[in-house]
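Notes follow the structure.
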Amino acid sequence: MRQACWYDSSFAAAGQRTKRIVPSSTAIAPKWFLFTSASVVFHSAFLLFLVQPMAGRMILPWFGGTPAVWTTCMLFFQTMLLAGYGYAACLVKLQRPCRQAILHLALISIGFLFLPITPAEHWKPLDGEFPTWRIMCILAACFGWPYFLLAASSSLVQAWYSRESSGSSPYRLYTLSNIGSLSALLIYPWGVEPLWTTTQQGWIWSVGFVALAVGFGLLAVMLWRSKVDSSQTDTNSFSPQSWSREPHIRDRVIWFLLPAMSSMMLLGVTNYLCQDVAVIPFLWIAPLCVYLVSLIICFDRDQWYYRQWYCLGAIAAIFVLIALSVIEFLQRYNGDRVALSTQLDIRLTIGVYLTMFFLVCMVCHGETVRRRPSPHRLAEFYFSIALGGAFGAFVVAILSPMLFSTYVEFNLGILLCLLLSLVALVHDRYGPMTVALLWRLKLFGIGLGLSLAIIVSGQWLSTDPSRALPQVRNFYGTLTVREFSHDEPEHHGLALFHGSTMHGFQFKAAEKRRLPTAYFTKDSGIGMGLNAAHATGPLRVGVVGLGVGTLAAYGKAGDTFRFYEINPLVVQIAKNTFTFLRDSEAKIEVVSGDARLALEREAIQEFDVLILDAFSSDAVPIHLLTDEAVSLYLKHLKFNGLIAFQVTNRLLDLASVVAKHAEKHKLHSALILQQRAEYSDVTPSAWLLMTRNASLFNDPKILESKVPISIDQRVPVWTDNYHNLFQILRANQR
């Protein structure tokens, strides 16, 4: 009789592994069944994770390119994964697996009605209100049913595999499933997104879904012909008596809490990367890949997870991360507004965050796997993991924006992971270290943990009432109004920050209140451009991005300034806290919603000047920089009108991208830079002006100020289907 070895180790006694013999009541299933099961598991996981960046990529431009689009997508996918595992747990209670396979195959056939999985144009939002709800509805209608069935597929096949090959570990199939998921994530940004349009991607994925149905059909036939006695396997192979104990309530709590912590950290790290760099599939995928790699390592073999080393590594990585955060925090409150990442290579910054995230995931997933149950509770185990993952996503995507005005959940997740590492380290009584050395390290870790907890808590609670004004948060990010002051009273004023990026400021003094400031001064590129355009008479000006409304200061009697702003909170702050809009002599119009979608729906606006000011933040809304977008702008522009792009960015050379568009559309262009001036109204800026009317650039100030534009011929014209941020990383960040 063939035997199989199972190993289990408790949370409290790592290193004490007990070998238990599980008798096999039947022979191992034929190789063709094992091969088909493995193929279906890999295929379903591949499709499951290929659709995630694909769906996010399809709807990202509809919601302003904000990082929260991906966070909301992750919440939806985690919820559907939970639903799929719950369905699988119920389905495996049927007596015969062949009936389970037939029912599941029938439901997959219903999924054909949802193909191809490409959201139709009528799903585009009309404004910027209720984005989370709209994203969830779009995903549910277009992707929900196929994703739900894919989420259940791996768990079902593992249960059938356990029945047909008694004594073989189904958890190895879970590892194979994660390898399939990781493969999809690695292939998408380099092998799918650059080659096919989103419509083509939807059709290709749909063909893969049909192929998966064929695989399930083969499994259903095999299970129908199977001679395995289900009652015998249920009572012998997977009997609880073959294990030392049934799962304790503490085990079930761990199955839920630790995946919830890793899910919170996944979305927290993703939010950081997307806010300070760009909202692109690669930066969504990198943390998710790290997450899956940790699952693969932990589920593949117990020996891969060395508790002591991973816990100590996680503690050290968290210390480094918090130290960097505290330095940045102190810089801001000492008046240095330059973000820390400007002083570090951006790839190094990303590497630090991903390294910390990997070590934290290894601790969370390693401790979860140490308490995995026997195969007869496999569905319950996976359901608990999915429930924790969905809860973690819910905390970040829904609960935190309601409760906090800043991204506190990321700091909270770091603190919880720090405490988890310390607890796991204290409970680890065995290992390669000597007891004396281990206890010294434990005492050091506990002291370090308490110190860091105090530092982090102080960072959360430290506010300067004299400088901090309204601070609000919604789907589009965190907005903070902050006072600034210098020695001279006339230099006192208010500034608006989106995250760590300033979006404009205004002086309080009556004589300086109407003065255009920051990136928009009279000596900036846009100041010169508007001055040249005003020579022809009253202007109709379109502005993408409201900020504090600084550009309204250029409005004269007879002018019309039409602002497009997707974030409702920005509109409220610009109208209620700052006075640029109220003080302007021009007629002011504010349009809510994504600018590109609004311009697509509107009649031709006949703008004299169209200003693109959505790029001052380090997170770039790429859909406003593509060839299709520029063609739309030209459609709304008078023939001799002016387009002004603000291309200020500390990481990316956006000027070369915009210059390529000017080159393609045969437009005259001028790049104007403005440097910082201490104790003044000036913020460094870069503006690229484009027009069909070369005479606009004959203005003496423009002729004197414009600088040569360096165009990298290796960078192609960006389109909705192809753009590559790595090609335009600034040299000092490479």
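How things are named: the first chain in the structure tokens is A, the next is B, and so on; residues count from 1 in each chain; ligands count from 1 in the order shown.
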| said: Using only C-alpha atoms, which protein or nucleic acid residues come within 8 Å of Leu515 in chain A? Drop anything in the same chain fewer than 4 positions from it, and give the result as JSON, numbers by chain. | reply: {"A": [506, 507, 521, 553]}
| Which residues come within 10 Å of Ile285 in chain A, counting only C-alpha atoms, excluding same-chain residues fewer than 2 positions away, as a PyMOL selection string? | chain A and resi 49+52-53+182+184-186+188-189+270+280-283+287-291
Can those selected residues be exported to a file as a PDB file, in the first residue's frame so that it contains C-alpha atoms?
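To be explicit, this is the file written out as part.pdb:
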ATOM      1  CA  PHE A  49      -4.596  37.185 -13.073  1.00  0.00           C
ATOM      2  CA  GLN A  52      -6.816  41.990 -13.554  1.00  0.00           C
ATOM      3  CA  PRO A  53      -4.309  44.401 -15.173  1.00  0.00           C
ATOM      4  CA  LEU A 182       2.704  35.101 -11.654  1.00  0.00           C
ATOM      5  CA  ALA A 184       0.273  36.178 -16.376  1.00  0.00           C
ATOM      6  CA  LEU A 185       1.401  39.239 -14.427  1.00  0.00           C
ATOM      7  CA  LEU A 186       4.903  39.094 -15.900  1.00  0.00           C
ATOM      8  CA  TYR A 188       1.082  41.381 -19.490  1.00  0.00           C
ATOM      9  CA  PRO A 189       3.245  44.567 -19.367  1.00  0.00           C
ATOM     10  CA  THR A 270       0.809  49.904  -4.670  1.00  0.00           C
ATOM     11  CA  ILE A 280       0.734  52.142 -15.080  1.00  0.00           C
ATOM     12  CA  PRO A 281       0.219  48.358 -15.142  1.00  0.00           C
ATOM     13  CA  PHE A 282       3.876  47.677 -14.322  1.00  0.00           C
ATOM     14  CA  LEU A 283       3.640  49.465 -10.984  1.00  0.00           C
ATOM     15  CA  PRO A 287       3.818  44.387  -5.753  1.00  0.00           C
ATOM     16  CA  LEU A 288       1.330  41.720  -6.841  1.00  0.00           C
ATOM     17  CA  CYS A 289       4.192  39.652  -8.270  1.00  0.00           C
ATOM     18  CA  VAL A 290       6.060  39.933  -4.976  1.00  0.00           C
ATOM     19  CA  TYR A 291       2.863  38.864  -3.188  1.00  0.00           C
TER      20      TYR A 291
END
Which residues of range 23-93 of chain A come within 9 Å of range 131-136 of chain A, and what is each one's closest atom pair and distance in Å (one decimal), counting only C-alpha atoms, sorted by chain and residue number, as a Markdown table?
| residue | atom | partner | partner_atom | distance |
| --- | --- | --- | --- | --- |
| A:Ile59 | CA | A:Ile135 | CA | 8.0 |
| A:Phe63 | CA | A:Pro131 | CA | 7.1 |
| A:Ala68 | CA | A:Thr132 | CA | 8.4 |
| A:Val69 | CA | A:Ile135 | CA | 7.6 |
| A:Thr72 | CA | A:Thr132 | CA | 6.4 |
| A:Cys73 | CA | A:Ile135 | CA | 7.4 |
| A:Leu75 | CA | A:Met136 | CA | 8.7 |
| A:Phe76 | CA | A:Met136 | CA | 6.4 |
Can you write just those residues out, N, CA and C atoms, as a JSON list (two decimals), in the first residue's frame?
[["chain", "number", "residue", "atom", "x", "y", "z"],
["A", 59, "ILE", "N", -10.30, 50.57, -17.99],
["A", 59, "ILE", "CA", -11.15, 51.60, -17.39],
["A", 59, "ILE", "C", -10.36, 52.72, -16.75],
["A", 63, "PHE", "N", -11.44, 57.30, -15.32],
["A", 63, "PHE", "CA", -11.51, 57.82, -13.95],
["A", 63, "PHE", "C", -10.27, 58.64, -13.60],
["A", 68, "ALA", "N", -6.34, 55.07, -7.22],
["A", 68, "ALA", "CA", -7.46, 54.40, -6.56],
["A", 68, "ALA", "C", -8.24, 53.50, -7.51],
["A", 69, "VAL", "N", -8.08, 53.69, -8.82],
["A", 69, "VAL", "CA", -8.74, 52.78, -9.77],
["A", 69, "VAL", "C", -8.27, 51.36, -9.54],
["A", 72, "THR", "N", -9.53, 49.93, -6.18],
["A", 72, "THR", "CA", -10.92, 49.50, -6.27],
["A", 72, "THR", "C", -11.03, 48.20, -7.07],
["A", 73, "CYS", "N", -10.24, 48.10, -8.14],
["A", 73, "CYS", "CA", -10.22, 46.85, -8.90],
["A", 73, "CYS", "C", -9.79, 45.68, -8.02],
["A", 75, "LEU", "N", -10.12, 45.42, -4.80],
["A", 75, "LEU", "CA", -11.22, 45.10, -3.89],
["A", 75, "LEU", "C", -12.24, 44.22, -4.59],
["A", 76, "PHE", "N", -12.59, 44.57, -5.82],
["A", 76, "PHE", "CA", -13.57, 43.76, -6.56],
["A", 76, "PHE", "C", -13.04, 42.35, -6.78]]
| query | Can you list every residue in range 601-709 of chain A that DSSP puts in strand (DSSP E), as a VMD selection string? | reply | chain A and resid 607 to 612 637 to 646 668 to 674 685 to 691 706 to 707
Now that the selection is made, can you save its residues with N, CA and C atoms as a compact mmCIF listing (two decimals), in the first residue's frame?
# COMPACT_ATOMS: atom_id res chain seq x y z
N PHE A 607 -11.50 76.89 -28.65
CA PHE A 607 -10.63 77.54 -27.68
C PHE A 607 -9.55 78.35 -28.40
N ASP A 608 -9.25 79.53 -27.87
CA ASP A 608 -8.07 80.28 -28.32
C ASP A 608 -6.81 79.70 -27.68
N VAL A 609 -6.95 79.28 -26.43
CA VAL A 609 -5.84 78.67 -25.69
C VAL A 609 -6.39 77.46 -24.93
N LEU A 610 -5.69 76.35 -25.03
CA LEU A 610 -6.05 75.15 -24.26
C LEU A 610 -4.85 74.77 -23.41
N ILE A 611 -5.05 74.76 -22.08
CA ILE A 611 -3.95 74.55 -21.13
C ILE A 611 -4.10 73.18 -20.48
N LEU A 612 -3.06 72.38 -20.58
CA LEU A 612 -3.04 71.05 -19.96
C LEU A 612 -2.18 71.13 -18.70
N LEU A 637 -9.61 73.28 -30.74
CA LEU A 637 -8.79 74.49 -30.77
C LEU A 637 -9.01 75.25 -32.08
N LYS A 638 -9.04 76.57 -31.99
CA LYS A 638 -9.06 77.36 -33.21
C LYS A 638 -7.80 77.10 -34.01
N PHE A 639 -7.89 77.34 -35.32
CA PHE A 639 -6.76 76.98 -36.19
C PHE A 639 -5.46 77.65 -35.74
N ASN A 640 -5.54 78.89 -35.33
CA ASN A 640 -4.33 79.61 -34.89
C ASN A 640 -4.19 79.64 -33.37
N GLY A 641 -4.89 78.72 -32.70
CA GLY A 641 -4.86 78.71 -31.25
C GLY A 641 -3.57 78.12 -30.68
N LEU A 642 -3.48 78.18 -29.36
CA LEU A 642 -2.27 77.74 -28.63
C LEU A 642 -2.62 76.62 -27.67
N ILE A 643 -1.81 75.57 -27.67
CA ILE A 643 -1.91 74.51 -26.66
C ILE A 643 -0.68 74.62 -25.76
N ALA A 644 -0.90 74.61 -24.44
CA ALA A 644 0.19 74.71 -23.47
C ALA A 644 0.17 73.50 -22.55
N PHE A 645 1.24 72.73 -22.57
CA PHE A 645 1.39 71.57 -21.69
C PHE A 645 2.33 71.94 -20.55
N GLN A 646 1.87 71.73 -19.32
CA GLN A 646 2.83 71.82 -18.22
C GLN A 646 3.50 70.46 -18.09
N HIS A 668 4.38 74.15 -34.47
CA HIS A 668 5.53 74.88 -33.95
C HIS A 668 5.52 74.74 -32.42
N SER A 669 6.69 74.59 -31.83
CA SER A 669 6.75 74.36 -30.39
C SER A 669 7.85 75.19 -29.75
N ALA A 670 7.67 75.47 -28.46
CA ALA A 670 8.67 76.21 -27.67
C ALA A 670 8.63 75.72 -26.24
N LEU A 671 9.80 75.36 -25.72
CA LEU A 671 9.92 74.91 -24.33
C LEU A 671 10.47 76.05 -23.49
N ILE A 672 9.75 76.39 -22.42
CA ILE A 672 10.15 77.51 -21.55
C ILE A 672 10.29 77.00 -20.12
N LEU A 673 11.46 77.20 -19.54
CA LEU A 673 11.75 76.77 -18.18
C LEU A 673 11.77 77.96 -17.25
N GLN A 674 11.37 77.73 -16.01
CA GLN A 674 11.43 78.78 -14.99
C GLN A 674 12.06 78.19 -13.74
N SER A 685 9.18 75.46 -13.04
CA SER A 685 8.18 74.92 -13.96
C SER A 685 8.79 74.73 -15.33
N ALA A 686 8.13 73.87 -16.10
CA ALA A 686 8.50 73.65 -17.50
C ALA A 686 7.21 73.60 -18.31
N TRP A 687 7.11 74.47 -19.30
CA TRP A 687 5.93 74.55 -20.17
C TRP A 687 6.36 74.34 -21.61
N LEU A 688 5.59 73.52 -22.32
CA LEU A 688 5.83 73.33 -23.74
C LEU A 688 4.62 73.87 -24.50
N LEU A 689 4.84 74.90 -25.31
CA LEU A 689 3.78 75.56 -26.06
C LEU A 689 3.77 75.03 -27.49
N MET A 690 2.58 74.78 -28.05
CA MET A 690 2.44 74.28 -29.41
C MET A 690 1.36 75.08 -30.13
N THR A 691 1.61 75.39 -31.41
CA THR A 691 0.63 76.14 -32.19
C THR A 691 0.90 75.96 -33.67
N LYS A 706 12.84 80.75 -24.55
CA LYS A 706 12.69 79.36 -24.96
C LYS A 706 14.04 78.67 -25.08
N VAL A 707 14.05 77.39 -24.79
CA VAL A 707 15.28 76.59 -24.81
C VAL A 707 15.12 75.46 -25.81
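For Leu569 in chain A, the list of residues within 12 Å, based on only C-alpha atoms and with local chain neighbours fewer than 6 positions off taken out, reads Gly128, Glu129, Pro470, Gln471, Val472, Arg473, Asn474, Phe475, Tyr476, Gly477, Thr478, Leu479, Thr480, Val481, Leu496, His498, Leu546, Gly547, Val548, Lys575, Asn576, Thr577, Ser592 and Gly593 of chain A.
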| message | When you count only C-alpha atoms, which of these residues is closest to Arg307 in chain A: A:Pro538, A:Pro259, A:Gly366, A:Gly558? | response | A:Gly366
| Shell around Thr198 in chain A at 10 Å using only C-alpha atoms, local window under 4 positions removed, as a list in words | Met54, Ala55, Arg57, Met58, Ile117, Thr118, Pro119, Val192, Glu193, Gly202, Trp203, Ile204, Asp720 and Asn721 of chain A
| field | Distance query Asn531 in chain A at most 9 Å, only C-alpha atoms, self and fewer than 3 positions along chain excluded, as a PyMOL selection string | value | chain A and resi 522+526-528+534-535+554+699
Residues from the last selection, N, CA and C atoms, saved as a compact mmCIF listing (two decimals), in the first residue's frame:
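In the end it all went to result-v9.txt:
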# COMPACT_ATOMS: atom_id res chain seq x y z
N LYS A 522 3.85 85.32 -14.34
CA LYS A 522 3.90 86.01 -15.62
C LYS A 522 5.17 85.71 -16.40
N ILE A 526 3.39 79.59 -19.44
CA ILE A 526 1.97 79.87 -19.68
C ILE A 526 1.69 81.36 -19.55
N GLY A 527 2.41 82.05 -18.66
CA GLY A 527 2.24 83.49 -18.54
C GLY A 527 2.59 84.19 -19.84
N MET A 528 3.71 83.79 -20.44
CA MET A 528 4.11 84.38 -21.71
C MET A 528 3.14 84.02 -22.83
N HIS A 534 -3.34 87.21 -25.78
CA HIS A 534 -4.23 88.34 -25.46
C HIS A 534 -4.07 89.50 -26.43
N ALA A 535 -2.99 89.52 -27.17
CA ALA A 535 -2.78 90.60 -28.13
C ALA A 535 -3.83 90.60 -29.23
N TYR A 554 -5.44 85.46 -14.78
CA TYR A 554 -5.15 86.06 -16.07
C TYR A 554 -6.42 86.53 -16.80
N ASP A 699 6.87 86.80 -29.94
CA ASP A 699 6.88 87.64 -28.74
C ASP A 699 8.30 87.69 -28.18
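Of the listed residues A:Leu156, A:Ala655, A:Val543, A:Leu324, the one whose atoms come nearest to Val41 in chain A is A:Leu156, with distances taken using only C-alpha atoms.
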| request: Figure out the distance between CA of Ala323 in chain A and CA of Leu651 in chain A, please, to one decimal in Å. | output: 22.5 Å
| message | Please determine, counting only C-alpha atoms, which residue among A:Ser705, A:Thr501, A:Ser263, A:Thr199 has the shortest atom-to-atom distance to Met74 in chain A. | response | A:Ser263
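In this comparison, which uses only C-alpha atoms, the residue of A:Gly351, A:Pro97, A:Gly86, A:Pro146 approaching Val51 in chain A most closely is A:Pro146.
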